[in-house]
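So this block is coords-v8.txt, compact mmCIF, N, CA, C and O atoms:
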# COMPACT_ATOMS: atom_id res chain seq x y z
N MET A 233 -26.41 68.76 2.55
CA MET A 233 -25.07 68.78 2.01
C MET A 233 -24.90 67.58 1.09
O MET A 233 -25.20 66.46 1.44
N LEU A 234 -24.38 67.82 -0.10
CA LEU A 234 -24.09 66.75 -1.04
C LEU A 234 -22.60 66.74 -1.30
O LEU A 234 -22.00 67.77 -1.61
N PHE A 235 -22.02 65.56 -1.16
CA PHE A 235 -20.58 65.48 -1.39
C PHE A 235 -20.27 64.13 -2.01
O PHE A 235 -20.64 63.10 -1.48
N ALA A 236 -19.62 64.14 -3.14
CA ALA A 236 -19.21 62.90 -3.79
C ALA A 236 -17.80 63.08 -4.33
O ALA A 236 -17.46 64.13 -4.86
N LYS A 237 -17.02 62.04 -4.21
CA LYS A 237 -15.65 62.09 -4.69
C LYS A 237 -15.28 60.72 -5.23
O LYS A 237 -15.52 59.71 -4.60
N VAL A 238 -14.72 60.69 -6.42
CA VAL A 238 -14.24 59.45 -7.01
C VAL A 238 -12.75 59.59 -7.24
O VAL A 238 -12.29 60.57 -7.82
N SER A 239 -12.01 58.63 -6.77
CA SER A 239 -10.56 58.66 -6.90
C SER A 239 -10.11 57.60 -7.89
O SER A 239 -10.68 56.52 -7.95
N VAL A 240 -9.08 57.90 -8.64
CA VAL A 240 -8.54 56.92 -9.58
C VAL A 240 -7.74 55.85 -8.85
O VAL A 240 -7.30 54.89 -9.44
N MET A 241 -7.56 56.01 -7.55
CA MET A 241 -6.77 55.06 -6.79
C MET A 241 -7.62 53.98 -6.14
O MET A 241 -7.20 53.35 -5.19
N GLY A 242 -8.83 53.78 -6.61
CA GLY A 242 -9.65 52.70 -6.09
C GLY A 242 -10.55 53.09 -4.93
O GLY A 242 -10.88 52.24 -4.12
N SER A 243 -10.96 54.36 -4.86
CA SER A 243 -11.81 54.82 -3.78
C SER A 243 -13.02 55.57 -4.31
O SER A 243 -12.90 56.32 -5.27
N ILE A 244 -14.14 55.37 -3.65
CA ILE A 244 -15.34 56.16 -3.92
C ILE A 244 -15.84 56.66 -2.58
O ILE A 244 -16.02 55.88 -1.64
N TYR A 245 -16.06 57.97 -2.48
CA TYR A 245 -16.53 58.60 -1.25
C TYR A 245 -17.84 59.31 -1.57
O TYR A 245 -17.87 60.27 -2.33
N LEU A 246 -18.94 58.80 -0.99
CA LEU A 246 -20.26 59.40 -1.16
C LEU A 246 -20.86 59.66 0.20
O LEU A 246 -21.04 58.73 0.99
N LYS A 247 -21.17 60.91 0.47
CA LYS A 247 -21.76 61.28 1.76
C LYS A 247 -22.95 62.19 1.49
O LYS A 247 -22.81 63.21 0.81
N GLU A 248 -24.10 61.78 2.01
CA GLU A 248 -25.33 62.56 1.91
C GLU A 248 -25.69 62.92 0.47
O GLU A 248 -25.98 64.06 0.16
N THR A 249 -25.62 61.96 -0.41
CA THR A 249 -26.06 62.17 -1.78
C THR A 249 -27.40 61.46 -1.93
O THR A 249 -28.03 61.08 -0.95
N ARG A 250 -27.82 61.23 -3.13
CA ARG A 250 -29.10 60.56 -3.36
C ARG A 250 -28.92 59.11 -3.83
O ARG A 250 -29.78 58.55 -4.48
N VAL A 251 -27.80 58.53 -3.47
CA VAL A 251 -27.53 57.16 -3.86
C VAL A 251 -28.53 56.21 -3.20
O VAL A 251 -28.87 56.36 -2.03
N THR A 252 -28.99 55.25 -3.97
CA THR A 252 -29.93 54.22 -3.49
C THR A 252 -29.30 52.86 -3.74
O THR A 252 -28.16 52.75 -4.19
N ASP A 253 -30.06 51.81 -3.48
CA ASP A 253 -29.60 50.45 -3.75
C ASP A 253 -29.23 50.28 -5.23
O ASP A 253 -28.29 49.57 -5.56
N GLU A 254 -29.96 50.94 -6.12
CA GLU A 254 -29.66 50.85 -7.55
C GLU A 254 -28.29 51.48 -7.86
O GLU A 254 -27.55 51.00 -8.70
N GLY A 255 -27.98 52.55 -7.17
CA GLY A 255 -26.67 53.17 -7.34
C GLY A 255 -25.55 52.26 -6.87
O GLY A 255 -24.49 52.18 -7.48
N VAL A 256 -25.80 51.57 -5.76
CA VAL A 256 -24.81 50.62 -5.24
C VAL A 256 -24.61 49.49 -6.25
O VAL A 256 -23.50 49.00 -6.44
N LYS A 257 -25.68 49.10 -6.91
CA LYS A 257 -25.58 48.06 -7.95
C LYS A 257 -24.61 48.51 -9.04
O LYS A 257 -23.76 47.72 -9.49
N LEU A 258 -24.70 49.76 -9.45
CA LEU A 258 -23.79 50.28 -10.47
C LEU A 258 -22.36 50.37 -9.93
O LEU A 258 -21.40 50.04 -10.64
N ILE A 259 -22.21 50.82 -8.69
CA ILE A 259 -20.88 50.92 -8.07
C ILE A 259 -20.22 49.55 -8.00
O ILE A 259 -19.01 49.43 -8.13
N SER A 260 -21.01 48.50 -7.83
CA SER A 260 -20.45 47.15 -7.69
C SER A 260 -19.74 46.67 -8.95
O SER A 260 -19.05 45.66 -8.92
N ASN A 261 -19.89 47.41 -10.05
CA ASN A 261 -19.19 47.08 -11.28
C ASN A 261 -17.80 47.69 -11.37
O ASN A 261 -17.06 47.42 -12.31
N VAL A 262 -17.44 48.52 -10.40
CA VAL A 262 -16.12 49.15 -10.39
C VAL A 262 -15.10 48.11 -9.91
O VAL A 262 -15.08 47.74 -8.74
N LYS A 263 -14.29 47.66 -10.80
CA LYS A 263 -13.30 46.63 -10.48
C LYS A 263 -12.15 47.24 -9.69
O LYS A 263 -11.79 48.38 -9.87
N GLN A 264 -11.58 46.46 -8.81
CA GLN A 264 -10.43 46.81 -7.98
C GLN A 264 -10.71 47.96 -7.02
O GLN A 264 -9.78 48.64 -6.59
N LEU A 265 -11.97 48.17 -6.66
CA LEU A 265 -12.32 49.19 -5.68
C LEU A 265 -11.86 48.73 -4.30
O LEU A 265 -12.17 47.62 -3.88
N LYS A 266 -11.10 49.58 -3.61
CA LYS A 266 -10.56 49.20 -2.31
C LYS A 266 -11.24 49.94 -1.15
O LYS A 266 -11.33 49.41 -0.06
N HIS A 267 -11.71 51.16 -1.38
CA HIS A 267 -12.34 51.97 -0.33
C HIS A 267 -13.69 52.48 -0.83
O HIS A 267 -13.74 53.11 -1.89
N LEU A 268 -14.72 52.24 -0.04
CA LEU A 268 -16.06 52.70 -0.41
C LEU A 268 -16.73 53.32 0.81
O LEU A 268 -16.89 52.66 1.84
N THR A 269 -17.10 54.57 0.68
CA THR A 269 -17.84 55.26 1.72
C THR A 269 -19.22 55.59 1.19
O THR A 269 -19.35 56.26 0.15
N LEU A 270 -20.24 55.11 1.89
CA LEU A 270 -21.64 55.37 1.55
C LEU A 270 -22.35 55.95 2.78
O LEU A 270 -23.47 55.60 3.09
N MET A 271 -21.70 56.84 3.46
CA MET A 271 -22.16 57.39 4.73
C MET A 271 -23.39 58.29 4.55
O MET A 271 -23.47 59.08 3.63
N LYS A 272 -24.34 58.11 5.46
CA LYS A 272 -25.54 58.96 5.55
C LYS A 272 -26.41 58.88 4.30
O LYS A 272 -26.68 59.90 3.65
N HIS A 273 -26.87 57.69 3.98
CA HIS A 273 -27.79 57.47 2.87
C HIS A 273 -28.98 56.65 3.37
O HIS A 273 -28.86 55.44 3.56
N GLU A 274 -30.10 57.28 3.56
CA GLU A 274 -31.28 56.60 4.09
C GLU A 274 -31.93 55.64 3.10
O GLU A 274 -32.72 54.80 3.49
N ASP A 275 -31.58 55.76 1.82
CA ASP A 275 -32.18 54.89 0.81
C ASP A 275 -31.30 53.71 0.43
O ASP A 275 -31.57 53.01 -0.54
N ILE A 276 -30.24 53.48 1.19
CA ILE A 276 -29.42 52.28 1.00
C ILE A 276 -29.84 51.27 2.06
O ILE A 276 -29.81 51.55 3.25
N THR A 277 -30.27 50.10 1.59
CA THR A 277 -30.81 49.07 2.47
C THR A 277 -30.03 47.76 2.31
O THR A 277 -29.14 47.66 1.46
N LYS A 278 -30.44 46.78 3.07
CA LYS A 278 -29.77 45.47 2.98
C LYS A 278 -29.98 44.81 1.62
O LYS A 278 -29.26 43.87 1.27
N ALA A 279 -30.89 45.32 0.81
CA ALA A 279 -31.11 44.77 -0.53
C ALA A 279 -29.87 44.94 -1.42
O ALA A 279 -29.70 44.19 -2.38
N CYS A 280 -29.00 45.88 -1.09
CA CYS A 280 -27.81 46.10 -1.92
C CYS A 280 -26.63 45.23 -1.50
O CYS A 280 -25.60 45.21 -2.17
N LEU A 281 -26.76 44.48 -0.43
CA LEU A 281 -25.63 43.69 0.07
C LEU A 281 -25.08 42.67 -0.93
O LEU A 281 -23.86 42.51 -1.02
N PRO A 282 -25.92 42.00 -1.72
CA PRO A 282 -25.34 41.10 -2.73
C PRO A 282 -24.44 41.83 -3.73
O PRO A 282 -23.45 41.28 -4.19
N TYR A 283 -24.76 43.09 -4.02
CA TYR A 283 -23.91 43.88 -4.92
C TYR A 283 -22.60 44.24 -4.25
O TYR A 283 -21.53 44.16 -4.86
N LEU A 284 -22.67 44.65 -2.99
CA LEU A 284 -21.44 44.95 -2.25
C LEU A 284 -20.54 43.72 -2.16
O LEU A 284 -19.32 43.84 -2.18
N ASN A 285 -21.14 42.57 -2.08
CA ASN A 285 -20.39 41.31 -1.99
C ASN A 285 -19.54 41.06 -3.24
O ASN A 285 -18.60 40.29 -3.20
N ASN A 286 -19.89 41.71 -4.35
CA ASN A 286 -19.13 41.57 -5.59
C ASN A 286 -17.82 42.35 -5.56
O ASN A 286 -16.95 42.14 -6.41
N LEU A 287 -17.67 43.26 -4.60
CA LEU A 287 -16.47 44.10 -4.51
C LEU A 287 -15.39 43.38 -3.71
O LEU A 287 -15.02 43.78 -2.62
N THR A 288 -14.86 42.32 -4.28
CA THR A 288 -13.97 41.41 -3.55
C THR A 288 -12.61 42.02 -3.19
O THR A 288 -11.92 41.48 -2.33
N ASP A 289 -12.23 43.15 -3.80
CA ASP A 289 -10.97 43.81 -3.45
C ASP A 289 -11.15 44.83 -2.33
O ASP A 289 -10.18 45.43 -1.87
N LEU A 290 -12.38 45.01 -1.89
CA LEU A 290 -12.70 46.03 -0.89
C LEU A 290 -11.97 45.79 0.42
O LEU A 290 -12.00 44.70 0.97
N GLU A 291 -11.29 46.83 0.91
CA GLU A 291 -10.59 46.79 2.20
C GLU A 291 -11.28 47.65 3.25
O GLU A 291 -11.13 47.41 4.44
N TYR A 292 -12.02 48.66 2.81
CA TYR A 292 -12.66 49.62 3.71
C TYR A 292 -14.09 49.85 3.21
O TYR A 292 -14.30 50.14 2.04
N LEU A 293 -15.06 49.73 4.12
CA LEU A 293 -16.46 49.97 3.78
C LEU A 293 -17.11 50.77 4.90
O LEU A 293 -17.08 50.37 6.06
N ASP A 294 -17.69 51.90 4.53
CA ASP A 294 -18.40 52.74 5.50
C ASP A 294 -19.86 52.82 5.07
O ASP A 294 -20.18 53.46 4.06
N ILE A 295 -20.71 52.13 5.80
CA ILE A 295 -22.15 52.16 5.55
C ILE A 295 -22.88 52.71 6.78
O ILE A 295 -23.98 52.31 7.11
N TRP A 296 -22.22 53.65 7.44
CA TRP A 296 -22.77 54.28 8.64
C TRP A 296 -23.93 55.17 8.26
O TRP A 296 -23.90 55.88 7.26
N ARG A 297 -25.00 55.10 9.04
CA ARG A 297 -26.22 55.86 8.84
C ARG A 297 -26.91 55.52 7.52
O ARG A 297 -27.39 56.38 6.79
N THR A 298 -26.93 54.22 7.22
CA THR A 298 -27.78 53.69 6.16
C THR A 298 -28.80 52.81 6.87
O THR A 298 -28.83 52.74 8.09
N LYS A 299 -29.61 52.11 6.11
CA LYS A 299 -30.57 51.19 6.73
C LYS A 299 -30.01 49.79 6.90
O LYS A 299 -30.71 48.87 7.27
N ILE A 300 -28.72 49.61 6.64
CA ILE A 300 -28.05 48.33 6.83
C ILE A 300 -27.62 48.24 8.28
O ILE A 300 -27.02 49.16 8.82
N ARG A 301 -27.89 47.11 8.91
CA ARG A 301 -27.56 46.91 10.31
C ARG A 301 -26.56 45.77 10.45
O ARG A 301 -26.36 44.96 9.54
N LEU A 302 -25.97 45.68 11.61
CA LEU A 302 -24.94 44.68 11.88
C LEU A 302 -25.42 43.27 11.57
O LEU A 302 -24.70 42.48 10.97
N GLU A 303 -26.63 42.95 11.95
CA GLU A 303 -27.16 41.61 11.71
C GLU A 303 -27.36 41.31 10.23
O GLU A 303 -27.45 40.15 9.83
N ASP A 304 -27.40 42.32 9.38
CA ASP A 304 -27.61 42.14 7.94
C ASP A 304 -26.33 41.73 7.21
O ASP A 304 -26.40 41.12 6.14
N ILE A 305 -25.18 42.06 7.75
CA ILE A 305 -23.94 41.92 6.98
C ILE A 305 -23.37 40.51 6.92
O ILE A 305 -22.33 40.30 6.31
N THR A 306 -24.05 39.55 7.52
CA THR A 306 -23.55 38.17 7.48
C THR A 306 -23.43 37.64 6.06
O THR A 306 -22.69 36.69 5.82
N VAL A 307 -24.11 38.25 5.10
CA VAL A 307 -24.04 37.80 3.71
C VAL A 307 -22.78 38.26 3.00
O VAL A 307 -22.48 37.80 1.90
N LEU A 308 -22.01 39.15 3.61
CA LEU A 308 -20.80 39.68 2.98
C LEU A 308 -19.61 38.73 3.16
O LEU A 308 -18.55 39.11 3.62
N LYS A 309 -19.79 37.51 2.74
CA LYS A 309 -18.78 36.46 2.93
C LYS A 309 -17.66 36.50 1.90
O LYS A 309 -16.61 35.92 2.12
N ASP A 310 -17.87 37.20 0.78
CA ASP A 310 -16.85 37.24 -0.27
C ASP A 310 -15.85 38.38 -0.09
O ASP A 310 -14.91 38.49 -0.86
N LEU A 311 -16.06 39.21 0.92
CA LEU A 311 -15.16 40.34 1.14
C LEU A 311 -13.98 39.92 2.02
O LEU A 311 -13.80 40.39 3.13
N LYS A 312 -13.16 39.05 1.50
CA LYS A 312 -12.04 38.47 2.23
C LYS A 312 -10.96 39.50 2.56
O LYS A 312 -10.18 39.31 3.49
N ASN A 313 -10.87 40.60 1.80
CA ASN A 313 -9.85 41.62 2.02
C ASN A 313 -10.32 42.75 2.94
O ASN A 313 -9.54 43.65 3.24
N LEU A 314 -11.57 42.69 3.37
CA LEU A 314 -12.13 43.76 4.19
C LEU A 314 -11.42 43.84 5.54
O LEU A 314 -11.35 42.86 6.27
N LYS A 315 -10.87 45.02 5.83
CA LYS A 315 -10.13 45.24 7.07
C LYS A 315 -10.88 46.17 8.01
O LYS A 315 -10.69 46.12 9.22
N GLU A 316 -11.72 47.04 7.44
CA GLU A 316 -12.41 48.03 8.26
C GLU A 316 -13.84 48.22 7.76
O GLU A 316 -14.05 48.40 6.56
N LEU A 317 -14.78 48.15 8.69
CA LEU A 317 -16.20 48.32 8.38
C LEU A 317 -16.81 49.26 9.40
O LEU A 317 -16.65 49.07 10.61
N HIS A 318 -17.50 50.27 8.91
CA HIS A 318 -18.23 51.19 9.79
C HIS A 318 -19.71 51.02 9.46
O HIS A 318 -20.10 51.10 8.30
N ILE A 319 -20.50 50.81 10.52
CA ILE A 319 -21.91 50.52 10.34
C ILE A 319 -22.71 51.15 11.47
O ILE A 319 -22.18 51.37 12.56
N SER A 320 -23.97 51.46 11.21
CA SER A 320 -24.82 52.10 12.21
C SER A 320 -25.15 51.14 13.34
O SER A 320 -25.27 49.93 13.13
N PRO A 321 -25.36 51.70 14.53
CA PRO A 321 -25.79 50.87 15.65
C PRO A 321 -27.24 50.44 15.46
O PRO A 321 -27.93 50.96 14.58
N HIS A 322 -27.69 49.53 16.29
CA HIS A 322 -29.07 49.05 16.23
C HIS A 322 -30.06 50.15 16.53
O HIS A 322 -31.12 50.22 15.94
N ASP A 323 -29.72 51.02 17.46
CA ASP A 323 -30.63 52.07 17.92
C ASP A 323 -30.51 53.28 17.00
O ASP A 323 -29.51 53.98 16.98
N GLU A 324 -31.56 53.55 16.24
CA GLU A 324 -31.58 54.67 15.30
C GLU A 324 -31.41 56.01 16.01
O GLU A 324 -30.93 56.96 15.44
N GLY A 325 -31.80 56.11 17.27
CA GLY A 325 -31.75 57.36 17.99
C GLY A 325 -30.37 57.74 18.48
O GLY A 325 -30.15 58.84 18.95
N VAL A 326 -29.42 56.87 18.37
CA VAL A 326 -28.07 57.16 18.85
C VAL A 326 -27.32 57.88 17.74
O VAL A 326 -26.90 57.28 16.77
N GLU A 327 -27.16 59.18 17.90
CA GLU A 327 -26.53 60.00 16.87
C GLU A 327 -25.01 59.86 16.84
O GLU A 327 -24.42 59.75 15.79
N GLU A 328 -24.37 59.89 17.97
CA GLU A 328 -22.92 59.96 18.02
C GLU A 328 -22.24 58.61 18.03
O GLU A 328 -21.06 58.52 17.86
N SER A 329 -22.99 57.56 18.27
CA SER A 329 -22.38 56.24 18.37
C SER A 329 -22.01 55.73 16.98
O SER A 329 -22.69 55.97 16.00
N ARG A 330 -20.91 54.99 16.91
CA ARG A 330 -20.47 54.43 15.65
C ARG A 330 -19.76 53.12 15.93
O ARG A 330 -18.80 53.09 16.69
N ASP A 331 -20.22 52.05 15.33
CA ASP A 331 -19.60 50.74 15.53
C ASP A 331 -18.58 50.51 14.43
O ASP A 331 -18.85 50.73 13.27
N ALA A 332 -17.42 50.06 14.80
CA ALA A 332 -16.39 49.71 13.82
C ALA A 332 -15.98 48.27 14.08
O ALA A 332 -15.78 47.86 15.21
N ILE A 333 -15.86 47.52 13.01
CA ILE A 333 -15.47 46.12 13.11
C ILE A 333 -14.15 45.97 12.38
O ILE A 333 -13.97 46.45 11.31

Write-out of the structure in structure tokens:
Amino acid sequence: MLFAKVSVMGSIYLKETRVTDEGVKLISNVKQLKHLTLMKHEDITKACLPYLNNLTDLEYLDIWRTKIRLEDITVLKDLKNLKELHISPHDEGVEESRDAI
């Protein structure tokens, strides 16, 4: 299933597309982005975190079922407006579990 949605209200919703770290680099140029969903992308890794850190207006980030783990996100220090973060658990085999910070 491929689903992508871009809103003029500062939101990008990408679920199960072919976005990679390079795509996240391009997304990081979207100014005033408040909501970003990158759910279920196996080719998004912690290498894209410096780009995500550029999205300083971000309030919501969903990186669930990517290769980014909780211990990786310590570099996201510039996301002062972030209120909600969804990220995969440490155990890859846990399908239904979802950590929210």

Taking (-22.0, 43.9, -6.4) in the file's coordinates, which residues come within 8 Å, counting only N, CA, C and O atoms, written as a CSV table (one decimal) with N, CA, C and O atoms, in the frame of the given file?
chain,number,residue,atom,x,y,z
A,256,VAL,N,-25.8,51.6,-5.8
A,256,VAL,CA,-24.8,50.6,-5.2
A,256,VAL,C,-24.6,49.5,-6.2
A,256,VAL,O,-23.5,49.0,-6.4
A,257,LYS,N,-25.7,49.1,-6.9
A,257,LYS,CA,-25.6,48.1,-8.0
A,257,LYS,C,-24.6,48.5,-9.0
A,257,LYS,O,-23.8,47.7,-9.5
A,258,LEU,N,-24.7,49.8,-9.4
A,258,LEU,CA,-23.8,50.3,-10.5
A,258,LEU,C,-22.4,50.4,-9.9
A,258,LEU,O,-21.4,50.0,-10.6
A,259,ILE,N,-22.2,50.8,-8.7
A,259,ILE,CA,-20.9,50.9,-8.1
A,259,ILE,C,-20.2,49.6,-8.0
A,259,ILE,O,-19.0,49.4,-8.1
A,260,SER,N,-21.0,48.5,-7.8
A,260,SER,CA,-20.4,47.2,-7.7
A,260,SER,C,-19.7,46.7,-9.0
A,260,SER,O,-19.0,45.7,-8.9
A,261,ASN,N,-19.9,47.4,-10.0
A,261,ASN,CA,-19.2,47.1,-11.3
A,261,ASN,C,-17.8,47.7,-11.4
A,261,ASN,O,-17.1,47.4,-12.3
A,262,VAL,N,-17.4,48.5,-10.4
A,262,VAL,CA,-16.1,49.2,-10.4
A,262,VAL,C,-15.1,48.1,-9.9
A,262,VAL,O,-15.1,47.7,-8.7
A,280,CYS,N,-29.0,45.9,-1.1
A,280,CYS,CA,-27.8,46.1,-1.9
A,280,CYS,C,-26.6,45.2,-1.5
A,280,CYS,O,-25.6,45.2,-2.2
A,281,LEU,N,-26.8,44.5,-0.4
A,281,LEU,CA,-25.6,43.7,0.1
A,281,LEU,C,-25.1,42.7,-0.9
A,281,LEU,O,-23.9,42.5,-1.0
A,282,PRO,N,-25.9,42.0,-1.7
A,282,PRO,CA,-25.3,41.1,-2.7
A,282,PRO,C,-24.4,41.8,-3.7
A,282,PRO,O,-23.4,41.3,-4.2
A,283,TYR,N,-24.8,43.1,-4.0
A,283,TYR,CA,-23.9,43.9,-4.9
A,283,TYR,C,-22.6,44.2,-4.2
A,283,TYR,O,-21.5,44.2,-4.9
A,284,LEU,N,-22.7,44.6,-3.0
A,284,LEU,CA,-21.4,45.0,-2.2
A,284,LEU,C,-20.5,43.7,-2.2
A,284,LEU,O,-19.3,43.8,-2.2
A,285,ASN,N,-21.1,42.6,-2.1
A,285,ASN,CA,-20.4,41.3,-2.0
A,285,ASN,C,-19.5,41.1,-3.2
A,285,ASN,O,-18.6,40.3,-3.2
A,286,ASN,N,-19.9,41.7,-4.4
A,286,ASN,CA,-19.1,41.6,-5.6
A,286,ASN,C,-17.8,42.4,-5.6
A,286,ASN,O,-17.0,42.1,-6.4
A,287,LEU,N,-17.7,43.3,-4.6
A,287,LEU,CA,-16.5,44.1,-4.5
A,287,LEU,C,-15.4,43.4,-3.7
A,287,LEU,O,-15.0,43.8,-2.6
A,288,THR,N,-14.9,42.3,-4.3
A,288,THR,CA,-14.0,41.4,-3.6
A,288,THR,C,-12.6,42.0,-3.2
A,288,THR,O,-11.9,41.5,-2.3

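Proximity of A:His318, A:Asp289, A:Lys278, A:Lys272 to Ile305 of chain A, computed with only C-alpha atoms, is greatest for A:Lys278.
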
Discussion item. Just the number, please: distance in Å from atom O of Thr306 of chain A to atom C of Asp275 of chain A, one decimal.
Written reply: 19.8 Å

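Counting only C-alpha atoms, the residue from A:Leu314, A:Leu290, A:Ile319, A:Met271 that sits nearest to Glu248 of chain A is A:Met271.
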
Worksheet entry | Pick from A:Tyr245, A:Thr252, A:Thr269, A:Ser320 nearest to Glu303 of chain A, counting only C-alpha atoms | A:Ser320

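Nearest to Ile300 of chain A of all the residues A:Leu270, A:Ile244, A:Ile276, A:Leu265 is A:Ile276, counting only N, CA, C and O atoms.
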
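If you look at atom CA of Lys309 of chain A and atom O of Gly242 of chain A, they are 19.0 Å away from each other.
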
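Interatomic distance, atom O of Glu316 of chain A to atom O of Trp296 of chain A: 12.4 Å.
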
Worksheet entry | Counting only C-alpha atoms, the option among A:Lys266, A:Ile295, A:Leu246, A:Gly255 closest to Lys312 of chain A | A:Lys266

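For segment 259-331 of chain A, backbone-based DSSP assignment of alpha helix (DSSP H) covers Ile259, Leu281, Pro282, Tyr283 and Leu284 of chain A.
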
Worksheet item: Between A:Thr249, A:His267, A:Ala279, A:Lys315, which is the closest to Arg301 of chain A once you count only C-alpha atoms?
Response: A:Ala279
